[in-house]
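Colleague: Data file entry15.csv (CSV, C-alpha atoms) is appended below.
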chain,number,residue,atom,x,y,z
A,99,MET,CA,-2.2,-35.3,19.4
A,100,LYS,CA,-2.9,-32.8,22.2
A,101,ARG,CA,-6.3,-33.3,23.9
A,102,VAL,CA,-8.3,-30.3,25.0
A,103,LEU,CA,-11.4,-30.3,27.2
A,104,TYR,CA,-14.4,-28.1,26.4
A,105,LYS,CA,-16.2,-27.3,29.6
A,106,ASP,CA,-18.4,-24.3,30.6
A,107,ASN,CA,-17.7,-22.6,27.2
A,108,VAL,CA,-13.9,-22.6,27.6
A,109,PHE,CA,-11.1,-24.8,26.4
A,110,LEU,CA,-9.0,-26.4,29.1
A,111,SER,CA,-5.6,-28.0,28.9
A,112,GLU,CA,-4.9,-29.5,32.3
A,113,ASP,CA,-5.6,-26.5,34.6
A,114,LYS,CA,-5.1,-23.8,32.0
A,115,ILE,CA,-7.7,-21.9,30.0
A,116,LEU,CA,-6.6,-21.7,26.3
A,117,PHE,CA,-7.3,-18.8,24.0
A,118,PHE,CA,-10.6,-19.7,22.5
A,119,TYR,CA,-10.0,-18.7,18.9
A,120,GLU,CA,-6.6,-20.2,18.7
A,121,VAL,CA,-8.0,-23.5,19.9
A,122,LEU,CA,-10.6,-23.3,17.0
A,123,TYR,CA,-7.8,-22.5,14.6
A,124,LEU,CA,-5.7,-25.5,15.8
A,125,LEU,CA,-8.8,-27.7,15.7
A,126,GLU,CA,-9.4,-26.8,12.1
A,127,LYS,CA,-5.8,-27.5,11.3
A,128,ASN,CA,-6.1,-31.0,13.0
A,129,GLU,CA,-3.3,-30.1,15.4
A,130,ILE,CA,-5.5,-30.8,18.5
A,131,GLU,CA,-8.5,-32.8,19.5
A,132,VAL,CA,-11.4,-31.4,21.6
A,133,TYR,CA,-13.6,-33.4,23.8
A,134,ASP,CA,-16.5,-32.5,26.0
A,135,GLU,CA,-17.0,-33.8,29.6
A,136,LYS,CA,-18.7,-36.9,28.4
A,137,ASN,CA,-15.7,-37.6,26.2
A,138,ASN,CA,-17.5,-36.9,23.0
A,139,LYS,CA,-15.1,-35.6,20.3
A,140,LEU,CA,-16.2,-32.2,19.0
A,141,ASP,CA,-15.3,-30.9,15.5
A,142,ILE,CA,-15.0,-27.2,14.5
A,143,ASN,CA,-18.5,-27.1,13.0
A,144,TYR,CA,-19.9,-27.7,16.5
A,145,PHE,CA,-18.6,-24.3,17.5
A,146,LEU,CA,-19.1,-22.4,14.2
A,147,LYS,CA,-22.9,-23.1,14.4
A,148,ASP,CA,-23.0,-19.9,16.5
A,149,GLU,CA,-23.0,-17.0,14.0
A,150,LYS,CA,-21.1,-14.6,16.3
A,151,ILE,CA,-18.3,-17.2,17.0
A,152,LYS,CA,-18.2,-17.9,13.2
A,153,LEU,CA,-17.8,-14.2,12.4
A,154,TYR,CA,-15.1,-13.7,15.1
A,155,TYR,CA,-13.3,-16.8,14.1
A,156,ASP,CA,-13.2,-15.8,10.4
A,157,ILE,CA,-11.6,-12.5,11.3
A,158,TYR,CA,-9.2,-14.3,13.7
A,159,LYS,CA,-8.2,-16.7,11.0
A,160,TYR,CA,-7.8,-14.0,8.4
A,161,PHE,CA,-5.3,-12.0,10.5
A,162,ARG,CA,-3.5,-15.0,11.9
A,163,GLU,CA,-2.8,-16.4,8.5
A,164,LYS,CA,-1.4,-13.0,7.5
A,165,GLY,CA,1.1,-13.2,10.3
A,166,TYR,CA,-0.5,-10.9,12.8
A,167,TYR,CA,-0.7,-11.8,16.5
A,168,LEU,CA,-4.1,-11.5,18.2
A,169,GLY,CA,-5.2,-11.6,21.8
A,170,THR,CA,-8.5,-10.8,23.5
A,171,GLY,CA,-9.6,-7.2,23.2
A,172,LEU,CA,-11.9,-7.4,26.2
A,173,LYS,CA,-10.0,-4.9,28.4
A,174,PHE,CA,-10.1,-2.4,25.5
A,175,GLY,CA,-13.8,-2.8,24.6
A,176,GLY,CA,-13.3,-4.9,21.5
A,177,ILE,CA,-13.1,-8.6,20.5
A,178,PHE,CA,-9.4,-8.8,19.6
A,179,ARG,CA,-6.3,-6.7,20.0
A,180,ILE,CA,-4.1,-7.0,17.0
A,181,TYR,CA,-0.3,-6.6,17.0
A,182,GLU,CA,1.7,-5.8,13.9
A,183,ASN,CA,4.8,-6.6,15.9
A,184,ILE,CA,4.5,-8.7,19.0
A,185,LYS,CA,7.4,-6.8,20.6
A,186,GLU,CA,5.4,-3.6,20.6
A,187,HIS,CA,2.0,-2.6,22.0
A,188,SER,CA,-1.0,-3.8,20.0
A,189,LYS,CA,-2.1,-1.4,17.3
A,190,TRP,CA,-5.8,-2.1,16.9
A,191,VAL,CA,-8.8,-3.1,18.9
A,192,ALA,CA,-10.7,-5.2,16.4
A,193,ILE,CA,-14.5,-5.4,16.2
A,194,PRO,CA,-15.8,-7.9,13.7
A,195,ILE,CA,-19.1,-6.9,12.2
A,196,ASN,CA,-21.3,-8.0,9.3
A,197,ILE,CA,-21.9,-5.5,6.6
A,198,ASN,CA,-25.6,-5.3,7.3
A,199,GLU,CA,-25.1,-4.5,11.0
A,200,LYS,CA,-25.6,-1.1,12.6
A,201,ILE,CA,-23.5,0.6,15.3
A,202,ASP,CA,-25.0,2.4,18.3
A,203,ILE,CA,-23.3,5.8,18.4
A,204,TYR,CA,-22.9,5.7,22.2
A,205,ASP,CA,-21.1,2.4,21.8
A,206,PHE,CA,-19.0,3.8,19.0
A,207,LEU,CA,-17.8,6.7,21.1
A,208,ALA,CA,-17.2,4.7,24.2
A,209,LYS,CA,-15.0,2.2,22.3
A,210,ASN,CA,-13.1,4.9,20.6
A,211,ARG,CA,-12.5,6.8,23.8
A,212,VAL,CA,-11.0,3.7,25.5
A,213,ALA,CA,-8.9,2.9,22.4
A,214,HIS,CA,-7.7,6.5,22.1
A,215,SER,CA,-6.7,6.6,25.8
A,216,THR,CA,-4.7,3.4,25.4
A,217,ARG,CA,-3.0,4.6,22.2
A,218,LYS,CA,-4.8,2.1,20.0
A,219,ARG,CA,-7.3,2.5,17.2
A,220,ILE,CA,-10.6,0.8,16.7
A,221,LEU,CA,-10.7,-1.4,13.6
A,222,TYR,CA,-14.1,-2.4,12.4
A,223,CYS,CA,-13.5,-5.7,10.4
A,224,VAL,CA,-16.5,-5.8,8.0
A,225,LYS,CA,-17.5,-9.1,6.6
A,226,ASP,CA,-19.4,-9.0,3.3
A,227,ASN,CA,-20.0,-12.6,2.2
A,228,ASN,CA,-16.5,-13.9,1.9
A,229,ASN,CA,-14.8,-10.5,1.5
A,230,TYR,CA,-13.4,-8.4,4.3
A,231,ARG,CA,-13.0,-4.6,4.5
A,232,PHE,CA,-11.3,-2.8,7.4
A,233,LEU,CA,-12.3,0.6,8.7
A,234,GLU,CA,-9.8,2.2,11.1
A,235,ILE,CA,-11.3,5.0,13.3
A,236,ARG,CA,-9.3,7.9,14.5
A,237,TRP,CA,-10.5,10.8,16.7
A,238,LYS,CA,-9.9,14.0,14.9
A,239,LYS,CA,-9.5,17.4,16.5
A,240,LEU,CA,-10.7,20.1,14.2
B,268,MET,CA,-22.7,47.2,7.0
B,269,GLU,CA,-25.7,46.8,4.7
B,270,LYS,CA,-26.8,43.3,4.1
B,271,ILE,CA,-26.4,41.8,0.6
B,272,ILE,CA,-29.6,41.0,-1.2
B,273,VAL,CA,-29.7,37.4,-2.5
B,274,LYS,CA,-32.2,35.8,-4.9
B,275,GLU,CA,-33.5,32.3,-4.9
B,276,PHE,CA,-33.5,30.3,-8.1
B,277,ASN,CA,-34.3,26.6,-8.4
B,278,ASN,CA,-33.5,26.0,-4.7
B,279,LYS,CA,-30.1,27.8,-4.9
B,280,PHE,CA,-29.3,31.2,-3.7
B,281,ILE,CA,-27.6,33.6,-6.1
B,282,LEU,CA,-25.6,36.8,-5.5
B,283,ASN,CA,-23.0,38.9,-7.3
B,284,LYS,CA,-19.5,37.6,-7.2
B,285,GLU,CA,-18.1,40.9,-5.9
B,286,PHE,CA,-19.5,39.9,-2.5
B,287,TYR,CA,-17.5,36.7,-2.2
B,288,ASP,CA,-15.2,38.1,0.5
B,289,ARG,CA,-18.0,39.7,2.4
B,290,ILE,CA,-19.7,36.3,2.9
B,291,GLY,CA,-16.5,34.6,4.1
B,292,LYS,CA,-15.8,32.9,0.7
B,293,THR,CA,-18.9,30.9,1.1
B,294,GLY,CA,-20.5,29.1,-1.9
B,295,LYS,CA,-19.4,28.3,-5.5
B,296,MET,CA,-18.4,30.8,-8.2
B,297,ASP,CA,-20.3,30.5,-11.4
B,298,LYS,CA,-19.0,33.1,-13.9
B,299,ASP,CA,-20.6,36.3,-12.6
B,300,TYR,CA,-22.4,34.9,-9.7
B,301,ILE,CA,-21.9,33.1,-6.4
B,302,VAL,CA,-24.2,30.1,-5.9
B,303,LEU,CA,-25.1,29.2,-2.4
B,304,GLU,CA,-26.7,25.9,-1.3
B,305,PRO,CA,-29.6,26.3,1.2
B,306,GLU,CA,-27.3,25.4,4.2
B,307,GLU,CA,-24.7,28.0,3.1
B,308,ALA,CA,-27.4,30.6,2.6
B,309,LEU,CA,-28.8,29.8,6.1
B,310,TYR,CA,-25.3,30.3,7.5
B,311,CYS,CA,-24.9,33.7,5.8
B,312,ILE,CA,-28.3,34.7,7.1
B,313,LYS,CA,-27.4,33.7,10.6
B,314,LYS,CA,-24.3,35.7,10.3
B,315,GLY,CA,-26.3,38.7,9.2
B,316,TRP,CA,-24.4,39.0,5.9
B,317,ILE,CA,-27.3,38.5,3.4
B,318,LYS,CA,-31.0,39.0,3.2
B,319,LEU,CA,-33.8,37.5,1.1
B,320,GLU,CA,-37.1,39.0,0.2
B,321,GLY,CA,-39.7,38.0,2.7
B,322,ILE,CA,-37.2,36.4,5.1
B,323,ASN,CA,-36.5,38.4,8.2
B,324,ASN,CA,-34.5,36.0,10.2
B,325,PHE,CA,-33.0,32.5,10.6
B,326,LEU,CA,-36.3,30.9,11.6
B,327,ASP,CA,-38.1,32.4,8.7
B,328,PHE,CA,-35.6,30.8,6.3
B,329,ILE,CA,-35.9,27.4,8.0
B,330,LYS,CA,-39.7,27.5,7.8
B,331,LYS,CA,-39.8,28.5,4.2
B,332,TYR,CA,-37.1,26.1,3.0
B,333,LYS,CA,-37.6,23.2,5.3
B,334,ASN,CA,-38.1,20.8,2.4
B,335,ILE,CA,-34.7,21.5,0.9
B,336,LEU,CA,-32.6,22.2,4.0
B,337,ASN,CA,-30.6,19.5,5.6
B,338,MET,CA,-29.9,20.6,9.2
B,339,LYS,CA,-27.2,18.0,9.8
B,340,LYS,CA,-25.2,19.5,7.0
B,341,PHE,CA,-25.9,23.0,8.3
B,342,TYR,CA,-24.7,22.2,11.8
B,343,VAL,CA,-21.5,20.7,10.5
B,344,PHE,CA,-20.9,23.5,8.0
B,345,GLU,CA,-21.5,26.1,10.7
B,346,ASP,CA,-19.2,24.4,13.2
B,347,LEU,CA,-16.3,23.9,10.9
B,348,ARG,CA,-16.7,27.3,9.2
B,349,ASN,CA,-16.7,29.0,12.6
B,350,LYS,CA,-13.5,27.2,13.4
B,351,GLY,CA,-11.9,28.8,10.3
B,352,HIS,CA,-12.2,25.9,7.9
B,353,TYR,CA,-13.3,26.3,4.3
B,354,LEU,CA,-16.1,24.1,3.0
B,355,ASP,CA,-18.5,23.5,0.2
B,356,ILE,CA,-21.8,21.8,0.1
B,357,GLU,CA,-22.3,19.8,-3.0
B,358,ASN,CA,-25.3,17.6,-3.7
B,359,ASN,CA,-25.3,15.2,-0.8
B,360,SER,CA,-21.8,16.0,0.5
B,361,ILE,CA,-20.0,18.4,2.7
B,362,ILE,CA,-16.5,19.0,1.4
B,363,LEU,CA,-13.8,20.2,3.8
B,364,TYR,CA,-10.8,21.8,2.0
B,365,ALA,CA,-7.2,22.4,3.1
B,366,ASP,CA,-7.6,26.2,2.8
B,367,TYR,CA,-9.5,29.1,1.3
B,368,LYS,CA,-8.4,28.3,-2.3
B,369,LYS,CA,-10.7,25.2,-2.1
B,370,GLU,CA,-8.4,23.2,-4.3
B,371,LYS,CA,-7.2,20.4,-2.1
B,372,VAL,CA,-10.0,18.3,-0.5
B,373,LEU,CA,-9.2,17.1,3.0
B,374,TYR,CA,-12.4,15.2,3.7
B,375,TYR,CA,-15.9,14.4,2.6
B,376,VAL,CA,-17.9,14.7,5.7
B,377,TYR,CA,-20.6,12.2,6.8
B,378,PRO,CA,-22.9,13.8,9.4
B,379,ILE,CA,-25.0,11.9,11.9
B,380,TYR,CA,-27.0,12.7,15.0
B,381,GLU,CA,-26.0,11.1,18.3
B,382,ASN,CA,-29.4,9.3,18.5
B,383,GLU,CA,-29.1,7.7,15.1
B,384,PHE,CA,-27.4,4.4,14.3
B,385,LEU,CA,-24.3,4.2,12.1
B,386,TYR,CA,-25.0,1.7,9.3
B,387,ILE,CA,-21.8,0.1,8.1
B,388,LYS,CA,-23.3,-0.4,4.6
B,389,ASP,CA,-24.2,3.3,4.3
B,390,ILE,CA,-20.7,4.3,5.3
B,391,LEU,CA,-19.1,2.0,2.7
B,392,ASN,CA,-21.6,3.0,0.0
B,393,PHE,CA,-20.8,6.7,0.8
B,394,MET,CA,-17.0,6.0,0.4
B,395,ASP,CA,-17.5,3.8,-2.7
B,396,SER,CA,-19.7,6.3,-4.5
B,397,LYS,CA,-17.0,8.9,-4.3
B,398,ASN,CA,-14.1,6.5,-4.6
B,399,LEU,CA,-12.7,7.5,-1.2
B,400,ASN,CA,-10.4,5.7,1.2
B,401,LYS,CA,-11.2,8.0,4.1
B,402,ILE,CA,-14.0,10.2,5.2
B,403,LEU,CA,-14.8,12.4,8.2
B,404,LEU,CA,-17.6,11.2,10.5
B,405,ALA,CA,-19.3,14.2,12.3
B,406,ILE,CA,-21.4,13.2,15.3
B,407,ILE,CA,-23.8,15.9,16.3
B,408,ASP,CA,-24.8,15.7,20.0
B,409,ILE,CA,-28.0,17.0,21.5
B,410,GLU,CA,-26.2,20.1,22.8
B,411,ASN,CA,-25.1,20.9,19.2
B,412,ASN,CA,-21.5,20.0,19.9
B,413,ILE,CA,-19.8,18.0,17.2
B,414,VAL,CA,-17.2,15.3,17.6
B,415,TYR,CA,-15.2,14.2,14.5
B,416,TYR,CA,-13.7,10.9,13.6
B,417,GLU,CA,-11.7,10.0,10.6
B,418,ILE,CA,-12.7,6.7,9.1
B,419,ASN,CA,-9.9,5.2,7.0
B,420,GLU,CA,-10.2,2.1,4.9
B,421,LEU,CA,-7.2,-0.1,5.3
B,422,PHE,CA,-6.2,-2.8,2.9
B,423,LEU,CA,-4.8,-5.4,5.2
Please re-express this file's structure in structure tokens.
Modeller:
Amino acid sequence: MKRVLYKDNVFLSEDKILFFYEVLYLLEKNEIEVYDEKNNKLDINYFLKDEKIKLYYDIYKYFREKGYYLGTGLKFGGIFRIYENIKEHSKWVAIPININEKIDIYDFLAKNRVAHSTRKRILYCVKDNNNYRFLEIRWKKL
Amino acid sequence: MEKIIVKEFNNKFILNKEFYDRIGKTGKMDKDYIVLEPEEALYCIKKGWIKLEGINNFLDFIKKYKNILNMKKFYVFEDLRNKGHYLDIENNSIILYADYKKEKVLYYVYPIYENEFLYIKDILNFMDSKNLNKILLAIIDIENNIVYYEINELFL
């Protein structure tokens, strides 16, 4: 089984940084093993103790298991970019959010401006207990 | 042109239906009368189309009816109506129609000021209460410009 090193908050395989949430997914599926620098084996619960990581991972897993491809959304102001078709540009910039959270309007506009200028749409992925709802945002000229 | 005299009744503003075109097809028809919500009446006062007893101008109206006026709704109504859209104000909602016939609803509008927070739960409750998959978010900035975003619920 493939061994992955967890160091400085990233996953390393030899000299390469692996996509964080994909490593968690493979870890949950027992397809890889993760160790820290002291050679302690880490299970997925070690990472999911962090509520933000848990929220983001839940959304990652939801889409991945439905056949979407996800990458980091950092350059577009979000958490993930989501592709419906890997041969095309990504369609959404996903922002996972708990149902009780609030959104700063300045942040909302900034994210949407970046998404619009790169021909994507912001997708708020709302987690309500174990249910998910998806709100796509589109600038509207009236 | 002489201003149309309007009467207030139970926080609504009433005028004869023959004036519907003169007030830009604003308000709801109720048999012989047009019924205006406070924000619609304020719009008509600002336009100089109507007058109320004891009210000389826009600010008089705001002072007298401050407890029933929702200025966020007014700003959105004014902005969209001035751009040629047809709207109604109904209870807690602003309804944007496809045209003057007011038969086809394009959006229910959710207004918010730029210095407020957008609560996800409030948005979802607003959509659920009207059984909507999409709404129009109207963000009113501190210069009274409004930017609009469609919020569309996807079932992925």
Colleague: Hey, can you pull every residue with an atom no more than 10 Å from (-5.9, 8.3, 13.5), using only C-alpha atoms, and send it as a list in words?
Modeller: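 The residues near that point, listed by chain and number, are His214, Arg217, Lys218, Arg219, Ile220, Glu234, Ile235, Arg236, Trp237 and Lys238 of chain A; Tyr416, Glu417, Ile418 and Asn419 of chain B.
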Colleague: Need to verify the contact set: Lys314 of chain B, 12 Å, all atoms listed in the file, exclusion of same-chain residues closer than 6 positions in sequence. Can you return it as a count of residues only?
Modeller: 13
Colleague: Would you please work out which residue, of A:Ile177, A:Ile130, A:Ile115, A:Leu124, is nearest to Met99 of chain A when using only C-alpha atoms?
Modeller: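 Ranked by minimum distance to Met99 of chain A, first place goes to A:Ile130.
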Colleague: Just how far from atom CA of Arg231 of chain A is atom CA of His187 of chain A, in Å to one decimal?
Modeller: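 Separating atom CA of His187 of chain A from atom CA of Arg231 of chain A is a distance of 23.1 Å.
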Colleague: With only C-alpha atoms as the atoms that count, which of A:Lys150, A:Lys105, A:Lys114, A:Lys164 lies nearest to Tyr181 of chain A?
Modeller: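 Closest residue, counting only C-alpha atoms: A:Lys164.
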Colleague: Can you check which residues of chain A have any atom within 12 Å of chain B? Use all atoms listed in the file and format it as a VMD selection string.
Modeller: chain A and resid 157 160 to 166 180 182 190 194 to 207 210 to 211 214 219 to 226 229 to 240
Colleague: In Å, rounded to a single decimal, give me how far atom CA of Lys340 of chain B is from atom CA of Phe328 of chain B.
Modeller: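 So the answer is 15.4 Å.
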Colleague: Counting all atoms listed in the file, which residue out of B:Phe286, B:Ile335, B:Ile281, B:Phe341 sits closest to Tyr310 of chain B?
Modeller: B:Phe341
Colleague: Could you tell me how far atom CA of Tyr300 of chain B sits from atom CA of Leu282 of chain B, in Å to one decimal place?
Modeller: 5.6 Å
Colleague: Find the residues near segment 172-174 of chain A: any atom within 8 Å, counting only C-alpha atoms, skip ones fewer than 4 places away on the same chain, and give them as a PyMOL selection string.
Modeller: chain A and resi 178-179+191+209+212-213+216
Colleague: For the selection you just gave me, I'd like the residues written to a file as a PDB file, keeping the file's coordinate frame, keeping C-alpha atoms.
Modeller:
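In the end it all went to selection_27.pdb:
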ATOM      1  CA  PHE A 178      -9.400  -8.800  19.600  1.00  0.00           C
ATOM      2  CA  ARG A 179      -6.300  -6.700  20.000  1.00  0.00           C
ATOM      3  CA  VAL A 191      -8.800  -3.100  18.900  1.00  0.00           C
ATOM      4  CA  LYS A 209     -15.000   2.200  22.300  1.00  0.00           C
ATOM      5  CA  VAL A 212     -11.000   3.700  25.500  1.00  0.00           C
ATOM      6  CA  ALA A 213      -8.900   2.900  22.400  1.00  0.00           C
ATOM      7  CA  THR A 216      -4.700   3.400  25.400  1.00  0.00           C
TER       8      THR A 216
END
Colleague: As JSON, numbers by chain, please: the residues near Tyr104 of chain A (cut-off 8 Å, only C-alpha atoms, same-chain neighbours under 4 positions excluded).
Modeller: {"A": [108, 109, 110, 132, 133, 134, 135]}
Colleague: Name the closest residue to Leu336 of chain B among the candidates B:Glu285, B:Glu410, B:Asp395, B:Glu304; distances are taken between atoms, counting all atoms listed in the file.
Modeller: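 Going through B:Glu285, B:Glu410, B:Asp395, B:Glu304 one by one, the smallest distance to Leu336 of chain B is for B:Glu304.
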Colleague: With only C-alpha atoms as the atoms that count, which of A:Leu153, A:Tyr123, A:Val102, A:Asn143 lies nearest to Asn228 of chain A?
Modeller: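 For Asn228 of chain A, the nearest of the given residues is A:Leu153.
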